[in-house]
$ cat start_39.cif   # mmCIF, N, CA and C atoms
data_run
#
loop_
_atom_site.label_atom_id
_atom_site.label_comp_id
_atom_site.auth_asym_id
_atom_site.auth_seq_id
_atom_site.Cartn_x
_atom_site.Cartn_y
_atom_site.Cartn_z
N MET A 1 22.50 20.00 -9.51
CA MET A 1 22.41 18.72 -8.85
C MET A 1 21.21 17.98 -9.40
N ALA A 2 21.31 16.68 -9.50
CA ALA A 2 20.25 15.86 -10.07
C ALA A 2 19.09 15.69 -9.11
N ARG A 3 17.96 15.40 -9.66
CA ARG A 3 16.74 15.11 -8.91
C ARG A 3 17.00 13.97 -7.93
N ASP A 4 16.41 14.04 -6.72
CA ASP A 4 16.63 13.04 -5.67
C ASP A 4 15.37 12.20 -5.51
N ASP A 5 15.27 11.11 -6.29
CA ASP A 5 14.07 10.27 -6.27
C ASP A 5 13.87 9.54 -4.95
N ALA A 6 14.92 9.33 -4.16
CA ALA A 6 14.81 8.59 -2.90
C ALA A 6 13.93 9.31 -1.89
N VAL A 7 13.79 10.61 -1.99
CA VAL A 7 13.03 11.39 -1.01
C VAL A 7 11.55 11.50 -1.38
N ILE A 8 11.21 11.28 -2.64
CA ILE A 8 9.81 11.39 -3.09
C ILE A 8 8.97 10.29 -2.44
N GLY A 9 7.84 10.69 -1.88
CA GLY A 9 6.96 9.74 -1.20
C GLY A 9 7.23 9.61 0.28
N ARG A 10 8.27 10.27 0.77
CA ARG A 10 8.60 10.24 2.21
C ARG A 10 7.84 11.35 2.92
N THR A 11 7.61 11.14 4.21
CA THR A 11 7.00 12.18 5.02
C THR A 11 8.06 12.85 5.87
N GLY A 12 7.75 14.05 6.32
CA GLY A 12 8.68 14.78 7.16
C GLY A 12 7.93 15.83 7.96
N GLU A 13 8.67 16.56 8.77
CA GLU A 13 8.10 17.62 9.59
C GLU A 13 8.78 18.94 9.26
N LEU A 14 7.98 19.98 9.11
CA LEU A 14 8.53 21.29 8.80
C LEU A 14 9.25 21.87 10.02
N LEU A 15 10.54 22.18 9.83
CA LEU A 15 11.32 22.86 10.86
C LEU A 15 11.10 24.36 10.78
N ILE A 16 10.87 24.84 9.57
CA ILE A 16 10.55 26.23 9.29
C ILE A 16 9.35 26.21 8.34
N GLY A 17 8.30 26.94 8.68
CA GLY A 17 7.10 26.95 7.86
C GLY A 17 7.36 27.48 6.46
N THR A 18 6.57 27.00 5.51
CA THR A 18 6.67 27.50 4.13
C THR A 18 5.83 28.76 3.99
N ARG A 19 6.13 29.54 2.94
CA ARG A 19 5.41 30.78 2.68
C ARG A 19 4.67 30.72 1.36
N GLY A 20 4.32 29.52 0.91
CA GLY A 20 3.65 29.38 -0.38
C GLY A 20 4.55 29.85 -1.50
N THR A 21 4.00 30.64 -2.39
CA THR A 21 4.77 31.12 -3.54
C THR A 21 5.80 32.19 -3.16
N LEU A 22 5.74 32.68 -1.91
CA LEU A 22 6.68 33.72 -1.47
C LEU A 22 8.02 33.17 -0.99
N GLY A 23 8.11 31.85 -0.79
CA GLY A 23 9.40 31.31 -0.38
C GLY A 23 9.29 29.97 0.31
N PRO A 24 10.43 29.30 0.42
CA PRO A 24 10.45 27.97 1.00
C PRO A 24 10.56 27.98 2.52
N GLY A 25 10.27 26.83 3.08
CA GLY A 25 10.57 26.54 4.48
C GLY A 25 11.65 25.49 4.51
N GLU A 26 11.73 24.75 5.60
CA GLU A 26 12.71 23.67 5.70
C GLU A 26 12.03 22.46 6.30
N VAL A 27 12.29 21.28 5.74
CA VAL A 27 11.67 20.04 6.19
C VAL A 27 12.75 19.04 6.56
N LEU A 28 12.50 18.27 7.61
CA LEU A 28 13.38 17.19 8.04
C LEU A 28 12.73 15.88 7.62
N VAL A 29 13.42 15.10 6.78
CA VAL A 29 12.87 13.88 6.19
C VAL A 29 13.74 12.68 6.57
N ARG A 30 13.09 11.58 6.95
CA ARG A 30 13.82 10.33 7.19
C ARG A 30 14.04 9.66 5.84
N VAL A 31 15.31 9.50 5.51
CA VAL A 31 15.68 8.90 4.23
C VAL A 31 17.09 8.35 4.33
N ARG A 32 17.36 7.27 3.61
CA ARG A 32 18.69 6.65 3.54
C ARG A 32 19.23 6.28 4.93
N GLY A 33 18.37 5.83 5.83
CA GLY A 33 18.81 5.37 7.14
C GLY A 33 19.10 6.47 8.14
N GLY A 34 18.72 7.69 7.83
CA GLY A 34 18.94 8.81 8.74
C GLY A 34 17.92 9.89 8.49
N THR A 35 18.23 11.10 8.89
CA THR A 35 17.36 12.23 8.59
C THR A 35 18.17 13.30 7.87
N GLU A 36 17.52 13.95 6.94
CA GLU A 36 18.17 15.00 6.15
C GLU A 36 17.23 16.19 6.03
N ALA A 37 17.80 17.38 5.97
CA ALA A 37 17.03 18.61 5.83
C ALA A 37 17.03 19.05 4.36
N PHE A 38 15.89 19.56 3.92
CA PHE A 38 15.71 20.05 2.55
C PHE A 38 14.95 21.36 2.59
N LEU A 39 15.19 22.24 1.63
CA LEU A 39 14.31 23.39 1.44
C LEU A 39 12.98 22.83 0.95
N ALA A 40 11.88 23.33 1.52
CA ALA A 40 10.56 22.80 1.21
C ALA A 40 9.67 23.87 0.60
N TRP A 41 9.16 23.59 -0.57
CA TRP A 41 8.26 24.50 -1.28
C TRP A 41 6.85 23.93 -1.26
N SER A 42 5.84 24.79 -1.10
CA SER A 42 4.44 24.36 -1.15
C SER A 42 3.62 25.44 -1.85
N ASP A 43 2.47 25.04 -2.40
CA ASP A 43 1.58 26.00 -3.07
C ASP A 43 1.00 27.00 -2.07
N ASP A 44 0.64 26.49 -0.88
CA ASP A 44 0.04 27.34 0.15
C ASP A 44 0.97 27.37 1.36
N PRO A 45 0.95 28.44 2.13
CA PRO A 45 1.77 28.50 3.34
C PRO A 45 1.40 27.38 4.32
N LEU A 46 2.42 26.79 4.92
CA LEU A 46 2.23 25.74 5.93
C LEU A 46 3.05 26.11 7.16
N PRO A 47 2.49 25.96 8.36
CA PRO A 47 3.21 26.36 9.57
C PRO A 47 4.26 25.35 10.02
N LYS A 48 5.19 25.86 10.82
CA LYS A 48 6.21 25.02 11.45
C LYS A 48 5.52 23.88 12.19
N GLY A 49 6.09 22.67 12.12
CA GLY A 49 5.55 21.52 12.81
C GLY A 49 4.57 20.70 12.00
N THR A 50 4.16 21.20 10.83
CA THR A 50 3.23 20.47 9.97
C THR A 50 3.89 19.22 9.42
N THR A 51 3.15 18.10 9.45
CA THR A 51 3.62 16.88 8.78
C THR A 51 3.32 17.02 7.30
N VAL A 52 4.32 16.75 6.47
CA VAL A 52 4.17 16.92 5.03
C VAL A 52 4.62 15.66 4.29
N LEU A 53 4.15 15.55 3.05
CA LEU A 53 4.53 14.49 2.14
C LEU A 53 5.34 15.11 1.01
N VAL A 54 6.50 14.55 0.72
CA VAL A 54 7.33 15.04 -0.39
C VAL A 54 6.75 14.49 -1.69
N VAL A 55 6.34 15.39 -2.59
CA VAL A 55 5.71 14.98 -3.85
C VAL A 55 6.61 15.16 -5.06
N ASP A 56 7.71 15.90 -4.91
CA ASP A 56 8.63 16.07 -6.04
C ASP A 56 9.97 16.58 -5.51
N SER A 57 11.00 16.35 -6.29
CA SER A 57 12.34 16.82 -5.98
C SER A 57 12.76 17.83 -7.04
N ARG A 58 13.28 18.96 -6.59
CA ARG A 58 13.77 19.99 -7.52
C ARG A 58 15.28 19.87 -7.71
N GLY A 59 15.91 18.87 -7.08
CA GLY A 59 17.36 18.79 -7.09
C GLY A 59 17.92 19.82 -6.12
N THR A 60 19.21 19.92 -6.01
CA THR A 60 19.89 20.87 -5.12
C THR A 60 19.26 20.95 -3.74
N ARG A 61 18.84 19.79 -3.20
CA ARG A 61 18.28 19.66 -1.84
C ARG A 61 17.03 20.50 -1.64
N GLN A 62 16.20 20.57 -2.69
CA GLN A 62 14.93 21.27 -2.62
C GLN A 62 13.82 20.32 -3.04
N VAL A 63 12.69 20.36 -2.29
CA VAL A 63 11.57 19.47 -2.57
C VAL A 63 10.25 20.24 -2.56
N ASP A 64 9.25 19.67 -3.22
CA ASP A 64 7.89 20.18 -3.16
C ASP A 64 7.13 19.31 -2.18
N VAL A 65 6.33 19.94 -1.31
CA VAL A 65 5.60 19.20 -0.28
C VAL A 65 4.13 19.61 -0.25
N ILE A 66 3.31 18.70 0.31
CA ILE A 66 1.90 18.99 0.62
C ILE A 66 1.65 18.57 2.05
N GLU A 67 0.65 19.17 2.66
CA GLU A 67 0.28 18.77 4.03
C GLU A 67 -0.18 17.32 4.00
N TRP A 68 0.17 16.57 5.05
CA TRP A 68 -0.12 15.14 5.08
C TRP A 68 -0.69 14.73 6.42
N ALA A 69 -1.77 13.97 6.37
CA ALA A 69 -2.34 13.34 7.55
C ALA A 69 -2.42 11.85 7.25
N ASP A 70 -1.74 11.04 8.02
CA ASP A 70 -1.72 9.60 7.78
C ASP A 70 -3.13 9.04 7.96
N PRO A 71 -3.68 8.41 6.93
CA PRO A 71 -5.04 7.87 7.05
C PRO A 71 -5.16 6.78 8.10
N LEU A 72 -4.08 6.13 8.47
CA LEU A 72 -4.13 5.10 9.50
C LEU A 72 -4.26 5.72 10.90
N ASP A 73 -3.98 7.01 11.03
CA ASP A 73 -4.12 7.69 12.32
C ASP A 73 -5.52 8.26 12.51
N ALA A 74 -6.38 8.21 11.47
CA ALA A 74 -7.71 8.78 11.58
C ALA A 74 -8.59 7.90 12.48
N PRO A 75 -9.47 8.51 13.25
CA PRO A 75 -10.35 7.73 14.10
C PRO A 75 -11.33 6.90 13.26
N ALA A 76 -11.61 5.69 13.72
CA ALA A 76 -12.53 4.80 13.02
C ALA A 76 -13.96 5.34 13.13
N GLY A 77 -14.73 5.08 12.09
CA GLY A 77 -16.13 5.47 12.19
C GLY A 77 -16.57 6.17 11.03
#
$ encode --input "start_39.cif" --output "structure tokens"
Amino acid sequence: MARDDAVIGRTGELLIGTRGTLGPGEVLVRVRGGTEAFLAWSDDPLPKGTTVLVVDSRGTRQVDVIEWADPLDAPAG
């Protein structure tokens, strides 16, 4: 399956935590007017419920993610 560029740059929430290099988790991403689930790979393990940013698509409904904190949600000061 071809790379899915529409999902890159989107944020999502981990439904199943990632295990770093030991295996993927699952992320729910808002894309194309709905939500879709993808296998999520990360360099470091991330727990269920973590907000992530999709940084790459591996095709076949698999993406690379990093932990994400929206800078607009940070307290001023």
$ residues_around --input "start_39.cif" --residues "Arg58 in chain A" --least-positions-apart "3" --cutoff "8 Å" --atoms "all atoms listed in the file" --output "PyMOL selection string"
chain A and resi 1-4+55+61-64
$ select_by_dssp --input "start_39.cif" --residues "chain A" --states "strand (DSSP E)" --output "ChimeraX atom specification"
/A:11-16,18-19,25-31,34-41,45-46,51-59,62-67
$ residues_around --input "start_39.cif" --residues "range 17-33 of chain A" --least-positions-apart "3" --cutoff "12 Å" --atoms "only C-alpha atoms" --output "PDB file with N, CA and C atoms, keeping the file's coordinate frame"
ATOM      1  N   ASP A   4      16.410  14.040  -6.720  1.00  0.00           N
ATOM      2  CA  ASP A   4      16.630  13.040  -5.670  1.00  0.00           C
ATOM      3  C   ASP A   4      15.370  12.200  -5.510  1.00  0.00           C
ATOM      4  N   ASP A   5      15.270  11.110  -6.290  1.00  0.00           N
ATOM      5  CA  ASP A   5      14.070  10.270  -6.270  1.00  0.00           C
ATOM      6  C   ASP A   5      13.870   9.540  -4.950  1.00  0.00           C
ATOM      7  N   ALA A   6      14.920   9.330  -4.160  1.00  0.00           N
ATOM      8  CA  ALA A   6      14.810   8.590  -2.900  1.00  0.00           C
ATOM      9  C   ALA A   6      13.930   9.310  -1.890  1.00  0.00           C
ATOM     10  N   VAL A   7      13.790  10.610  -1.990  1.00  0.00           N
ATOM     11  CA  VAL A   7      13.030  11.390  -1.010  1.00  0.00           C
ATOM     12  C   VAL A   7      11.550  11.500  -1.380  1.00  0.00           C
ATOM     13  N   ILE A   8      11.210  11.280  -2.640  1.00  0.00           N
ATOM     14  CA  ILE A   8       9.810  11.390  -3.090  1.00  0.00           C
ATOM     15  C   ILE A   8       8.970  10.290  -2.440  1.00  0.00           C
ATOM     16  N   GLY A   9       7.840  10.690  -1.880  1.00  0.00           N
ATOM     17  CA  GLY A   9       6.960   9.740  -1.200  1.00  0.00           C
ATOM     18  C   GLY A   9       7.230   9.610   0.280  1.00  0.00           C
ATOM     19  N   ARG A  10       8.270  10.270   0.770  1.00  0.00           N
ATOM     20  CA  ARG A  10       8.600  10.240   2.210  1.00  0.00           C
ATOM     21  C   ARG A  10       7.840  11.350   2.920  1.00  0.00           C
ATOM     22  N   THR A  11       7.610  11.140   4.210  1.00  0.00           N
ATOM     23  CA  THR A  11       7.000  12.180   5.020  1.00  0.00           C
ATOM     24  C   THR A  11       8.060  12.850   5.870  1.00  0.00           C
ATOM     25  N   GLY A  12       7.750  14.050   6.320  1.00  0.00           N
ATOM     26  CA  GLY A  12       8.680  14.780   7.160  1.00  0.00           C
ATOM     27  C   GLY A  12       7.930  15.830   7.960  1.00  0.00           C
ATOM     28  N   GLU A  13       8.670  16.560   8.770  1.00  0.00           N
ATOM     29  CA  GLU A  13       8.100  17.620   9.590  1.00  0.00           C
ATOM     30  C   GLU A  13       8.780  18.940   9.260  1.00  0.00           C
ATOM     31  N   LEU A  14       7.980  19.980   9.110  1.00  0.00           N
ATOM     32  CA  LEU A  14       8.530  21.290   8.800  1.00  0.00           C
ATOM     33  C   LEU A  14       9.250  21.870  10.020  1.00  0.00           C
ATOM     34  N   GLU A  36      17.520  13.950   6.940  1.00  0.00           N
ATOM     35  CA  GLU A  36      18.170  15.000   6.150  1.00  0.00           C
ATOM     36  C   GLU A  36      17.230  16.190   6.030  1.00  0.00           C
ATOM     37  N   ALA A  37      17.800  17.380   5.970  1.00  0.00           N
ATOM     38  CA  ALA A  37      17.030  18.610   5.830  1.00  0.00           C
ATOM     39  C   ALA A  37      17.030  19.050   4.360  1.00  0.00           C
ATOM     40  N   PHE A  38      15.890  19.560   3.920  1.00  0.00           N
ATOM     41  CA  PHE A  38      15.710  20.050   2.550  1.00  0.00           C
ATOM     42  C   PHE A  38      14.950  21.360   2.590  1.00  0.00           C
ATOM     43  N   LEU A  39      15.190  22.240   1.630  1.00  0.00           N
ATOM     44  CA  LEU A  39      14.310  23.390   1.440  1.00  0.00           C
ATOM     45  C   LEU A  39      12.980  22.830   0.950  1.00  0.00           C
ATOM     46  N   ALA A  40      11.880  23.330   1.520  1.00  0.00           N
ATOM     47  CA  ALA A  40      10.560  22.800   1.210  1.00  0.00           C
ATOM     48  C   ALA A  40       9.670  23.870   0.600  1.00  0.00           C
ATOM     49  N   TRP A  41       9.160  23.590  -0.570  1.00  0.00           N
ATOM     50  CA  TRP A  41       8.260  24.500  -1.280  1.00  0.00           C
ATOM     51  C   TRP A  41       6.850  23.930  -1.260  1.00  0.00           C
ATOM     52  N   SER A  42       5.840  24.790  -1.100  1.00  0.00           N
ATOM     53  CA  SER A  42       4.440  24.360  -1.150  1.00  0.00           C
ATOM     54  C   SER A  42       3.620  25.440  -1.850  1.00  0.00           C
ATOM     55  N   ASP A  43       2.470  25.040  -2.400  1.00  0.00           N
ATOM     56  CA  ASP A  43       1.580  26.000  -3.070  1.00  0.00           C
ATOM     57  C   ASP A  43       1.000  27.000  -2.070  1.00  0.00           C
ATOM     58  N   ASP A  44       0.640  26.490  -0.880  1.00  0.00           N
ATOM     59  CA  ASP A  44       0.040  27.340   0.150  1.00  0.00           C
ATOM     60  C   ASP A  44       0.970  27.370   1.360  1.00  0.00           C
ATOM     61  N   PRO A  45       0.950  28.440   2.130  1.00  0.00           N
ATOM     62  CA  PRO A  45       1.770  28.500   3.340  1.00  0.00           C
ATOM     63  C   PRO A  45       1.400  27.380   4.320  1.00  0.00           C
ATOM     64  N   LEU A  46       2.420  26.790   4.920  1.00  0.00           N
ATOM     65  CA  LEU A  46       2.230  25.740   5.930  1.00  0.00           C
ATOM     66  C   LEU A  46       3.050  26.110   7.160  1.00  0.00           C
ATOM     67  N   PRO A  47       2.490  25.960   8.360  1.00  0.00           N
ATOM     68  CA  PRO A  47       3.210  26.360   9.570  1.00  0.00           C
ATOM     69  C   PRO A  47       4.260  25.350  10.020  1.00  0.00           C
ATOM     70  N   LYS A  48       5.190  25.860  10.820  1.00  0.00           N
ATOM     71  CA  LYS A  48       6.210  25.020  11.450  1.00  0.00           C
ATOM     72  C   LYS A  48       5.520  23.880  12.190  1.00  0.00           C
ATOM     73  N   GLY A  49       6.090  22.670  12.120  1.00  0.00           N
ATOM     74  CA  GLY A  49       5.550  21.520  12.810  1.00  0.00           C
ATOM     75  C   GLY A  49       4.570  20.700  12.000  1.00  0.00           C
ATOM     76  N   THR A  50       4.160  21.200  10.830  1.00  0.00           N
ATOM     77  CA  THR A  50       3.230  20.470   9.970  1.00  0.00           C
ATOM     78  C   THR A  50       3.890  19.220   9.420  1.00  0.00           C
ATOM     79  N   THR A  51       3.150  18.100   9.450  1.00  0.00           N
ATOM     80  CA  THR A  51       3.620  16.880   8.780  1.00  0.00           C
ATOM     81  C   THR A  51       3.320  17.020   7.300  1.00  0.00           C
ATOM     82  N   VAL A  52       4.320  16.750   6.470  1.00  0.00           N
ATOM     83  CA  VAL A  52       4.170  16.920   5.030  1.00  0.00           C
ATOM     84  C   VAL A  52       4.620  15.660   4.290  1.00  0.00           C
ATOM     85  N   LEU A  53       4.150  15.550   3.050  1.00  0.00           N
ATOM     86  CA  LEU A  53       4.530  14.490   2.140  1.00  0.00           C
ATOM     87  C   LEU A  53       5.340  15.110   1.010  1.00  0.00           C
ATOM     88  N   VAL A  54       6.500  14.550   0.720  1.00  0.00           N
ATOM     89  CA  VAL A  54       7.330  15.040  -0.390  1.00  0.00           C
ATOM     90  C   VAL A  54       6.750  14.490  -1.690  1.00  0.00           C
ATOM     91  N   ARG A  61      18.840  19.790  -3.200  1.00  0.00           N
ATOM     92  CA  ARG A  61      18.280  19.660  -1.840  1.00  0.00           C
ATOM     93  C   ARG A  61      17.030  20.500  -1.640  1.00  0.00           C
ATOM     94  N   GLN A  62      16.200  20.570  -2.690  1.00  0.00           N
ATOM     95  CA  GLN A  62      14.930  21.270  -2.620  1.00  0.00           C
ATOM     96  C   GLN A  62      13.820  20.320  -3.040  1.00  0.00           C
ATOM     97  N   VAL A  63      12.690  20.360  -2.290  1.00  0.00           N
ATOM     98  CA  VAL A  63      11.570  19.470  -2.570  1.00  0.00           C
ATOM     99  C   VAL A  63      10.250  20.240  -2.560  1.00  0.00           C
ATOM    100  N   ASP A  64       9.250  19.670  -3.220  1.00  0.00           N
ATOM    101  CA  ASP A  64       7.890  20.180  -3.160  1.00  0.00           C
ATOM    102  C   ASP A  64       7.130  19.310  -2.180  1.00  0.00           C
ATOM    103  N   VAL A  65       6.330  19.940  -1.310  1.00  0.00           N
ATOM    104  CA  VAL A  65       5.600  19.200  -0.280  1.00  0.00           C
ATOM    105  C   VAL A  65       4.130  19.610  -0.250  1.00  0.00           C
ATOM    106  N   ILE A  66       3.310  18.700   0.310  1.00  0.00           N
ATOM    107  CA  ILE A  66       1.900  18.990   0.620  1.00  0.00           C
ATOM    108  C   ILE A  66       1.650  18.570   2.050  1.00  0.00           C
ATOM    109  N   GLU A  67       0.650  19.170   2.660  1.00  0.00           N
ATOM    110  CA  GLU A  67       0.280  18.770   4.030  1.00  0.00           C
ATOM    111  C   GLU A  67      -0.180  17.320   4.000  1.00  0.00           C
TER     112      GLU A  67
END
$ atom_distance --input "start_39.cif" --atom1 "CA of Pro71 in chain A" --atom2 "CA of Asp56 in chain A"
20.6 Å
$ axis_aligned_box --input "start_39.cif" --around "range 44-54 of chain A" --padding-each-side "5 Å" --output "lines of an AutoDock Vina configuration file"
center_x = 3.7
center_y = 21.5
center_z = 5.6
size_x = 17.3
size_y = 24.0
size_z = 24.5
$ atom_distance --input "start_39.cif" --atom1 "CA of Asp70 in chain A" --atom2 "atom C of Thr35 in chain A"
20.2 Å
$ atom_distance --input "start_39.cif" --atom1 "atom N of Leu15 in chain A" --atom2 "CA of Trp68 in chain A"
13.6 Å
